[in-house]
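Worksheet for the structure shown next.
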Amino acid sequence: MPDTILVVAEQREGKLNRVSWETITAAQSIAAATGWTLEAAVVGAGPTAIAAEVAAKKLAKVYAVESPKLEPYTPDAFAAALKQLLATKPPKLVLMPHTYQVRDFVPKLATAMGRTVISDCIGFRHENGKLVFTRQMFQGKFAADVSFNSDAPWFATFQNGAFRGDKAEAGASAAPVETVNVDIADGVVRNQPQEVFKEAKQAVDLTQAEIIVSVGRGIKEQKNIEIAKQLADALGGDLAASRPICDSGWLPMDRQIGSSGQTVAPKLYLALGISGAIQHIVGMKGSRTIIAVNKDSEAPIFEIADYAIVGNLFDIVPPLIEEVKKAKAGS
Amino acid sequence: MKILVCMKQVPQKDAPLKLNETGAWIREDVSYEVNEPDAYALEEALRQKEKHTGEVVVITSGPARAQQVLREALAKGADRAIHLEDNAFVGLDAFNTAKAFAAAIKDEKFDLIFTGLQSDDYGYAQTGVILAELLGWPHATIIMQIEKTDAGIRVKRELEAGFFQFVDMPLPAVLTIQSGINKLRYATLIGIKQAKNKPLRKVTLAEVQSAIGENLQKIERLYVPQKTKKTEHIEGSPFEIAKKLVDKLRNELRVL
């Protein structure tokens with residue numbers, strides 16, 4: 001019997017979280033490399049419709065893991081439910097997308113089973129029969145190859161955008177769906193979550209912007225954001241920022257780009273004084289063209305920049321504003 | 001409220017990092033600082049103490065240099081510190097680090113344990129959640145607000161894309177704290193003076209050895225990331241750069 005890979009797809013508010021397709025793409029690649037069998041699970045109060053959606057992909061089986069105690073999401077319920085599922089037929093490898101929800105429960109699940117999670121992976125390698133996962137460290141300055149030193153099941157989560165969701169292969173026919181009713185005893189769930197809500201008034205929808213000028217810590221002071229705004233205006237674009245700028249209250253939260261803010265893919269993303277921390281990069285790496293200005297030539301932002309300007313943004317931006325204005329005026 | 005804050009010392013953000021001879025770790029001859037989310041976790045603990053009275057205890061694991069993080073925390077207002085001091089702690093995975101912490105605090109009775117949501121060096125975001133499971137406590141992650149209630153606490157959990165969620169929880173609990181939850185204070189001169197007299201308990205590796213085991217995962221090697229993108233450097237004086245860039249914006253990228 002070949003080993004099994006189990007992808008735990010994520011459900012949010014009754015819909016499939018589309019990042020789950022990326023995990024399936026990753027899992028299909030690993031299955032092809034190792035020869036292991038691919039299965040998936042959907043966990044929730046009414047997972048059957050989503051399980052059917054997942055079953056259309058090329059995999060052997062989908063488990064619809066059900067219990068009324070799974071809605072709303074709590075780490076206690078999810079860890080308990082998956083522990084039961086994994087006990088019946090332990091897979092070799094359990095894969096999930098590295099979402100905020102997965103981060104909230106998968107270390108608990110693994111610990112309860114005496115196992116470990118390799119988090120936020122950006123790829124994998126299968127060499128000489130050994131499976132190794134790649135992830136970033138020191139905010140992207142180094143990559144690390146990490147291997148498991150434990151019994152199955154192994155747990156790994158993949159970073160948003162590390163694999164392409166649209167590359168998840170469809171199956172020749174729908175995979176069988178098996179309903180698994182899990183029993184979560186009273187008292188297991190200790191948290192009482194309220195309704196999910198959006199806070200920012202969303203004055204600007206940066207996902208619709210074609211040009212974004214984004215500032216990071218390199219802008220140094222709140223008053224300096226003015227030159228970035230002038231550049232954005234000159235280009236006809238929108239102003240955005242990395243998290244620390246919004247944390248300091250220099251720009252409102254709805255200007256934040258990154259895992260906690262907006263994910264954008266504009267025609268042009270101009271990063272001023274942004275080092276390229278992972279939490280920011282995941283929100284903008286899909287941009288068509290990335291131009292980065294930073295005085296640190298080693299800044300991780302330059303890994304993903306199409307055009308790199310190593311220099312002081314306070315020297316570079318003012319003449320740039322003038323040249324943009326001249327070009328637009330038709331000279 | 002008796003609060004434990006788990007803190008980590010990490011290389012400074014702009015420190016130039018180099019791989020060591022084995023290629024499995026970095027050379028440690030760099031400058032260090034407190035892991036940024038942990039600084040927010042400490043600040044939150046100090047604010048909760050100021051609001052509800054209580055005690056703030058800080059803990060870290062690492063070599064002698066990690067003591068600096070504890071000293072700074074004491075200077076800011078923490079009451080006492082615990083240092084699991086040994087070079088070997090640096091190489092422990094999150095599971096073992098959590099087990100070491102759990103062993104070090106087994107005789108204490110905390111209401112809350114805070115960690116930063118993740119570390120700037122590993123970025124795993126696991127230690128707090130693992131610790132909660134080891135202790136059998138409820139937990140919540142990526143927290144932006146904490147309020148005391150009759151039944152325990154109400155926390156504000158940050159989700160992706162600007163969404164949030166309030167969660168009611170009993171105590172004791174573990175929370176992983178998101179940066180930006182508050183504004184960090186500076187240590188005062190008086191605080192720095194007082195810190196020298198505050199208790200700092202050292203815990204040796206031997207004292208927690210029976211609690212920890214072999215790492216369940218292994219860093220095979222670190223390396224400079226392979227670049228998949230072709231990056232064009234634009235050079236020259238600021239004026240030349242501006243001209244070249246505008247040229248590209250107009251003729252290659254067609255955004256002007």
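Residues are named by chain letter and number: chains run A, B, ... in the order of the structure tokens, numbers start at 1 in each chain, and ligands are numbered from 1 in the order shown.
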Checklist entry - What are the residues of chain A that have an atom within 6 Å of an atom of chain B, counting only C-alpha atoms, as a PyMOL selection string? => result chain A and resi 104+107-108+119+137-138+142-150+191-194+196-198+247+259-262+305-309+316+319-320
Let me see the file: selected residues, C-alpha atoms, as a PDB file, in the first residue's frame.
ATOM      1  CA  ASP A 104      -4.292  28.770  14.773  1.00  0.00           C
ATOM      2  CA  PRO A 107       0.530  23.240  15.771  1.00  0.00           C
ATOM      3  CA  LYS A 108      -2.017  22.173  18.401  1.00  0.00           C
ATOM      4  CA  SER A 119       5.320  25.882   8.385  1.00  0.00           C
ATOM      5  CA  MET A 137      14.195  32.266   7.140  1.00  0.00           C
ATOM      6  CA  PHE A 138      15.442  35.555   8.558  1.00  0.00           C
ATOM      7  CA  PHE A 142      18.036  32.776   3.523  1.00  0.00           C
ATOM      8  CA  ALA A 143      16.200  29.725   2.305  1.00  0.00           C
ATOM      9  CA  ALA A 144      16.215  26.560   4.396  1.00  0.00           C
ATOM     10  CA  ASP A 145      15.783  22.930   3.432  1.00  0.00           C
ATOM     11  CA  VAL A 146      13.996  21.213   6.290  1.00  0.00           C
ATOM     12  CA  SER A 147      13.379  17.485   6.727  1.00  0.00           C
ATOM     13  CA  PHE A 148      11.225  15.491   9.124  1.00  0.00           C
ATOM     14  CA  ASN A 149      12.881  13.516  11.899  1.00  0.00           C
ATOM     15  CA  SER A 150       9.707  11.888  13.192  1.00  0.00           C
ATOM     16  CA  ASN A 191     -13.486  29.494  22.951  1.00  0.00           C
ATOM     17  CA  GLN A 192     -16.681  31.330  22.017  1.00  0.00           C
ATOM     18  CA  PRO A 193     -16.125  33.206  18.750  1.00  0.00           C
ATOM     19  CA  GLN A 194     -18.420  36.035  17.649  1.00  0.00           C
ATOM     20  CA  VAL A 196     -16.383  37.925  11.735  1.00  0.00           C
ATOM     21  CA  PHE A 197     -16.416  41.589  10.681  1.00  0.00           C
ATOM     22  CA  LYS A 198     -14.448  44.035   8.578  1.00  0.00           C
ATOM     23  CA  ASP A 247       0.739  50.163  13.002  1.00  0.00           C
ATOM     24  CA  SER A 259      -1.137  38.997   4.777  1.00  0.00           C
ATOM     25  CA  SER A 260      -3.220  41.006   7.248  1.00  0.00           C
ATOM     26  CA  GLY A 261      -4.182  43.672   4.734  1.00  0.00           C
ATOM     27  CA  GLN A 262      -4.869  43.633   1.053  1.00  0.00           C
ATOM     28  CA  ALA A 305      11.944  43.161  -8.068  1.00  0.00           C
ATOM     29  CA  ASP A 306      11.951  43.553 -11.831  1.00  0.00           C
ATOM     30  CA  TYR A 307      13.825  46.831 -11.478  1.00  0.00           C
ATOM     31  CA  ALA A 308      16.133  47.559  -8.592  1.00  0.00           C
ATOM     32  CA  ILE A 309      17.346  50.941  -7.473  1.00  0.00           C
ATOM     33  CA  ILE A 316      15.648  59.463  -5.924  1.00  0.00           C
ATOM     34  CA  PRO A 319      13.653  64.025  -9.419  1.00  0.00           C
ATOM     35  CA  LEU A 320      11.475  61.055 -10.326  1.00  0.00           C
TER      36      LEU A 320
END
Checklist entry - Could you pull out the strand (DSSP E or B) residues of range 26-234 of chain B from DSSP and send them as a ChimeraX atom specification? => result /B:26,32-34,55-62,80-85,112-116,139-148,153-158,163-169,173-177,200-203,217-223,232-233
Item to check | 8 Å contact set for range 11-18 of chain A, only C-alpha atoms, chain neighbours under 6 positions out, as a ChimeraX atom specification | outcome: /A:42-44,46-47,50,165
Item to check | Those of range 225-310 of chain A in DSSP alpha helix (DSSP H), formatted as JSON, numbers by chain | outcome: {"A": [225, 226, 227, 228, 229, 230, 231, 232, 233, 234, 235, 243, 244, 245, 246, 247, 278, 279, 280, 281, 301, 302, 303, 304]}
What's around Val204 in chain A at 9 Å? Count only C-alpha atoms, leave out sequence neighbours fewer than 6 positions away in its own chain, and write the answer as a short mmCIF file (atom, residue, chain, number, x, y, z; two decimals) with N, CA and C atoms, in the first residue's frame.
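Okay, this is what ended up in part-v3.cif:
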data_model
loop_
_atom_site.label_atom_id
_atom_site.label_comp_id
_atom_site.auth_asym_id
_atom_site.auth_seq_id
_atom_site.Cartn_x
_atom_site.Cartn_y
_atom_site.Cartn_z
N ASP A 238 -2.21 54.82 -6.59
CA ASP A 238 -2.67 54.87 -5.20
C ASP A 238 -1.53 54.66 -4.23
N ASP A 254 -6.55 50.56 5.92
CA ASP A 254 -6.99 50.08 4.61
C ASP A 254 -5.97 50.35 3.50
N ARG A 255 -4.82 50.93 3.88
CA ARG A 255 -3.72 51.11 2.92
C ARG A 255 -2.68 49.99 3.06
#
